[in-house]
Every structure is written in structure tokens, then in C-alpha cells.
Amino acid sequence: MAKLGKKWICYSCGAKFYDFLKPEAICPKCASNQKNAPSKPKAVKKEKSVVHIEDELGGEHEAEIISEDGLEESFGISGVRAEGVDPGDLKMDDYDE
């Protein structure tokens, strides 16, 4: 396939064309030079807004902190681990074969 150069869209009439590797990109329909195109305005950055949400619960309701011994008692777990139960404190090296 032949090299057609850069593809352009004319800023004046909107026609699509290739420049055929010529130094000047001139539109074949309206003969406007693409180097004379007005520069594109930069997008205006929007200001970030912060929305504060008021919580109905606020600091009124605080969670109870239970010690580890209290957790074991509340779930009926004794200090001995049952076989086949994943204790959750194993590291990835413990699972290697």
C-alpha cells in the first residue's frame, strides 16, 4: 500500500484528506492551509467540591470491645482447636507442599 502521509480533518470545512507527505497540508475542497488552524482551547479544570455527610449515628453508639477470652466464651470455643478447622493465623508458607 502506498504511503499517503498524515490524515487530516479540515478545520474550516471538516473534509477528511491525506497530505501525501507534502510539507503543507492544504485542504482539497476549500484550499485552507491546516497550519493556519486556530489552536484548540484548553479544557477548564473543574473545582473539586467536598460534600460533608452528617451521620445520624455520630459518636452516640460505640461498639463494645471484647477481649479475646470473651470472644472464645461467647462463641463457645475452648482453647483447643478442632481438627480440620482453619485457625486463620497460618501463613502462606504453612500451606506449601
# chains A, B, ... in the order shown; residues from 1 in each chain; ligands from 1
>>> residues_around(residues="stretch 13-22 of chain A", least_positions_apart="3", cutoff="12 Å", atoms="only C-alpha atoms", output="list in words")
Ala2, Lys3, Leu4, Gly5, Lys6, Lys7, Trp8, Ile9, Cys10, Ala25, Ile26, Cys27, Pro28, Lys29, Cys30, Ala31, Ser32, Asn33, Gln34 and Ala37 of chain A
>>> write_last_selection(atoms="C-alpha atoms", output="PDB file, in the first residue's frame")
ATOM      1  CA  ALA A   2       1.282   3.437  -0.884  1.00  0.00           C
ATOM      2  CA  LYS A   3       2.218   5.879   1.847  1.00  0.00           C
ATOM      3  CA  LEU A   4      -0.458   8.533   1.957  1.00  0.00           C
ATOM      4  CA  GLY A   5       1.043  10.649   4.677  1.00  0.00           C
ATOM      5  CA  LYS A   6      -0.859  12.059   7.626  1.00  0.00           C
ATOM      6  CA  LYS A   7      -4.634  12.045   7.711  1.00  0.00           C
ATOM      7  CA  TRP A   8      -6.195  15.460   8.350  1.00  0.00           C
ATOM      8  CA  ILE A   9      -9.648  16.813   9.096  1.00  0.00           C
ATOM      9  CA  CYS A  10     -10.004  20.330   7.782  1.00  0.00           C
ATOM     10  CA  ALA A  25      -1.340  20.246   4.391  1.00  0.00           C
ATOM     11  CA  ILE A  26      -3.837  22.063   2.168  1.00  0.00           C
ATOM     12  CA  CYS A  27      -7.491  21.022   2.064  1.00  0.00           C
ATOM     13  CA  PRO A  28      -8.523  19.872  -1.443  1.00  0.00           C
ATOM     14  CA  LYS A  29     -12.078  21.226  -1.026  1.00  0.00           C
ATOM     15  CA  CYS A  30     -11.620  24.724   0.451  1.00  0.00           C
ATOM     16  CA  ALA A  31      -7.850  25.200  -0.069  1.00  0.00           C
ATOM     17  CA  SER A  32      -7.222  26.243   3.547  1.00  0.00           C
ATOM     18  CA  ASN A  33      -3.769  25.596   4.949  1.00  0.00           C
ATOM     19  CA  GLN A  34      -4.007  23.450   8.102  1.00  0.00           C
ATOM     20  CA  ALA A  37      -5.831  26.451  12.086  1.00  0.00           C
TER      21      ALA A  37
END
>>> atom_distance(atom1="atom CA of A:Pro41", atom2="atom CA of A:Pro23")
25.3 Å
